[in-house]
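**Q** Before anything else, here's the structure in question.
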Amino acid sequence: MSSPERLLEILTNKGAVLPEWKDAVASVDRKLFVPDTIEVDDRPLSRGERPERWLTVVYGDLPLVTQINDGKDLGEDAYRLPTSSSSMPSLMLEMLQLLDVHEGHRVMDAGAGTGYNLAWLAHRLGSGDVFGIDVDPAIVGQAIKNLASAGYSPHVVCGDAEKGYPDGAPYDRWLATFTVPEIPYAWVEQTPAGRIVAPWGGSYHSYSFAVLDVRDGVAEGRFSGYPAFMRSRTNRPPRGYLHDFLHHQDDAVRSTTTVSPRDLEAEYEAKFFIGLGLRDAWSLLVEAHDGSDEATLWVLADDRKSWASVDYVPGHDTFTVEQYGPRRLWDEVEAGYRKWEALGRPDRDRAGLTVTRDGQRVWLDTPDNTIT
């Protein structure tokens with residue numbers, strides 16, 4: 001069975017359905033918000049070629065990539081960067097739970113995508129109190145068509161979501177479905193007495209929701225969840241194949257470290273705190289794929305000028321490091337790791353975020369204990 005009822009059953013069995021959103025999940029047909037060709041597990045899936053499989057994934061609790069490379073054909077050999085999607089329904093419900101939506105609220109959904117989340121909101125709140133914004137006119141146009149086919153007509157506009165949409169303000173709730181390294185103050189201004197929920201973080205670690213309540217021009221709150229969302233297009237760093245970031249390998253500086261790269265890559269708490277200082281570089285763990293359990297952790301600067309690698313070999317407690325460029329990226333990673341240790345290896349749940357007109361700061365335990 002492939003239907004909205006099947007999706008509701010899956011989400012119910014996972015304990016993901018909130019009572020107040022159950023009717024929206026059952027009533028809004030996800031099929032109307034998904035194009036005929038999507039990507040699942042990094043592979044294209046065509047409705048025309050595999051209709052039963054297409055329906056199965058559409059009514060499954062799965063994220064579906066609906067656009068690659070901003071909709072541009074860059075050739076078969078180009079790096080395929082997902083640039084729009086229909087989010088995993090259970091994750092959508094997690095966001096909505098954090099958002100704490102109530103009848104009568106005026107809600108902005110920044111990053112309209114396919115319009116599926118907007119339809120859930122419109123079903124519960126009414127189209128007149130729901131707004132959406134997206135930077136891509138093609139996505140906006142398609143979202144409006146999708147919503148109309150499902151019987152909804154929220155206000156969806158094309159624009160830079162980081163600047164917000166003052167014409168619809170004030171909002172009671174602001175939801176972003178793309179990752180930002182900083183919460184734009186425009187969102188605080190346009191949600192003056194409400195709540196903001198947004199995927200937050202820099203290139204090194206971006207797997208957190210910032211859940212902020214706004215009062216007297218200040219947004220403040222803590223972090224939750226482990227979401228994986230695409231970056232905002234207006235400040236998106238370049239991505240590509242590993243070889244796009246590597247150069248001057250013969251000129252690399254060698255050293256060693258006692259920090260296990262494999263253990264570090266699995267330590268989300270440490271990575272969160274390292275990422276507070278390392279905002280503009282990302283990591284990639286590459287397995288040996290020969291049964292050895294060996295691996296190489298790469299740290300790559302967004303500007304492609306610097307890189308570092310750390311080789312993991314099982315049974316060893318010292319690991320070889322290579323670094324090149326104006327920055328010593330592994331040294332930055334390790335310094336962040338040692339700082340986290342000096343703080344007592346805190347969990348991310350102890351951290352919070354404050355956003356003012358002057359910028360944002362992260363604190364530990366209490367807002368007066370700023371750590372970055």
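So you can find residues: chains in the structure tokens are A, B, ... in the order shown, residues in each start at 1, and ligands are numbered from 1 in order.
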So that I can see what lies close to Ala308 of chain A, please list as a list of chain:residue names the residues with an atom at most 7 Å from it, counting only C-alpha atoms and leaving out residues fewer than 2 positions away in the same chain.
**A**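 Counting only C-alpha atoms, the residues come to A:Trp298, A:Val299, A:Leu300, A:Val310, A:Glu322, A:Gln323, A:Tyr324, A:Leu329, A:Trp330.
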**Q** Considering only C-alpha atoms, return as number ranges by chain whatever protein or nucleic-acid residues lie within 12 Å of Arg338 of chain A, sequence-local ones (same chain, fewer than 2 positions apart) excluded.
**A** A: 258-259, 264, 270-271, 273-274, 331-336, 340-345
**Q** What lies within 9 Å of Thr356 of chain A using only C-alpha atoms, ignoring chain neighbours under 5 positions off, as an MDAnalysis selection string?
**A** chainID A and resid 185 188 217:220 361
**Q** Which polymer residues have any atom within 7 Å of an atom of segment 347-353 of chain A, counting only C-alpha atoms, with same-chain residues fewer than 4 positions away left out, as a PyMOL selection string?
**A** chain A and resi 220-223+269+272+360-365
**Q** Which one of A:Ser206, A:Ser85, A:Ser283, A:Gln67 sits closest to Glu265 of chain A if you count only C-alpha atoms?
**A**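 Closest residue, counting only C-alpha atoms: A:Ser283.
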**Q** Hey, which of A:Gly159, A:Pro227, A:Gly113, A:Pro237 ends up closest to Pro35 of chain A? Count only C-alpha atoms.
**A**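 Between A:Gly159, A:Pro227, A:Gly113, A:Pro237, the residue approaching Pro35 of chain A most closely is A:Gly113.
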**Q** Could you pull out the residues in segment 160-305 of chain A that DSSP calls strand (DSSP E) from the backbone, as a PyMOL selection string?
**A** chain A and resi 173-176+195-200+208-215+218-224+253-257+281-287+295-301
**Q** Give me, as a tab-separated table, each residue of segment 82-139 of chain A that comes within 10 Å of segment 169-183 of chain A, together with its shortest interatomic pair and the distance in Å at one decimal, counting only C-alpha atoms, with rows ordered by chain and rising residue number.
**A**
residue	atom	partner	partner_atom	distance
A:Thr83	CA	A:Phe178	CA	9.9
A:Ser84	CA	A:Phe178	CA	9.4
A:Ser85	CA	A:Thr177	CA	9.9
A:Ser87	CA	A:Thr177	CA	8.6
A:Met92	CA	A:Thr177	CA	9.1
A:Met95	CA	A:Leu175	CA	8.0
A:Leu96	CA	A:Leu175	CA	8.4
A:Leu98	CA	A:Leu175	CA	9.7
A:Leu99	CA	A:Arg173	CA	6.8
A:Asp100	CA	A:Arg173	CA	8.3
A:Val101	CA	A:Arg173	CA	7.2
A:His102	CA	A:Asp172	CA	9.4
A:Gly104	CA	A:Asp172	CA	9.0
A:His105	CA	A:Asp172	CA	5.5
A:Arg106	CA	A:Tyr171	CA	5.0
A:Val107	CA	A:Arg173	CA	4.8
A:Met108	CA	A:Trp174	CA	4.9
A:Asp109	CA	A:Leu175	CA	4.9
A:Ala110	CA	A:Ala176	CA	4.6
A:Gly111	CA	A:Thr177	CA	5.4
A:Ala112	CA	A:Thr177	CA	7.8
A:Gly113	CA	A:Thr177	CA	8.3
A:Asn117	CA	A:Thr177	CA	9.5
A:Asp129	CA	A:Tyr171	CA	9.0
A:Val130	CA	A:Tyr171	CA	9.3
A:Phe131	CA	A:Tyr171	CA	9.2
A:Gly132	CA	A:Leu175	CA	9.5
A:Ile133	CA	A:Ala176	CA	9.7
**Q** Using only C-alpha atoms, I'd like a table of the residues in segment 190-276 of chain A that come within 9 Å of segment 284-292 of chain A; for each, show the closest atom pair and its distance in Å rounded to one decimal, ordered by chain and ascending number, as CSV.
**A**
residue,atom,partner,partner_atom,distance
A:Leu242,CA,A:Leu284,CA,8.6
A:Pro261,CA,A:Leu285,CA,8.4
A:Arg262,CA,A:Leu285,CA,7.8
A:Glu265,CA,A:Leu285,CA,7.4
**Q** Keeping N, CA and C atoms, export the residues of the selection given above as an mmCIF file, in the first residue's frame.
**A**
data_model
loop_
_atom_site.group_PDB
_atom_site.id
_atom_site.type_symbol
_atom_site.label_atom_id
_atom_site.label_comp_id
_atom_site.auth_asym_id
_atom_site.auth_seq_id
_atom_site.Cartn_x
_atom_site.Cartn_y
_atom_site.Cartn_z
ATOM 1 N N LEU A 242 36.955 15.363 -3.873
ATOM 2 C CA LEU A 242 38.137 15.517 -3.034
ATOM 3 C C LEU A 242 39.291 16.123 -3.821
ATOM 4 N N PRO A 261 41.565 10.003 14.436
ATOM 5 C CA PRO A 261 40.646 10.645 13.494
ATOM 6 C C PRO A 261 39.316 9.908 13.382
ATOM 7 N N ARG A 262 39.327 8.594 13.503
ATOM 8 C CA ARG A 262 38.069 7.852 13.421
ATOM 9 C C ARG A 262 37.192 8.142 14.638
ATOM 10 N N GLU A 265 35.737 11.704 14.367
ATOM 11 C CA GLU A 265 34.675 11.875 13.380
ATOM 12 C C GLU A 265 33.340 11.353 13.902
#
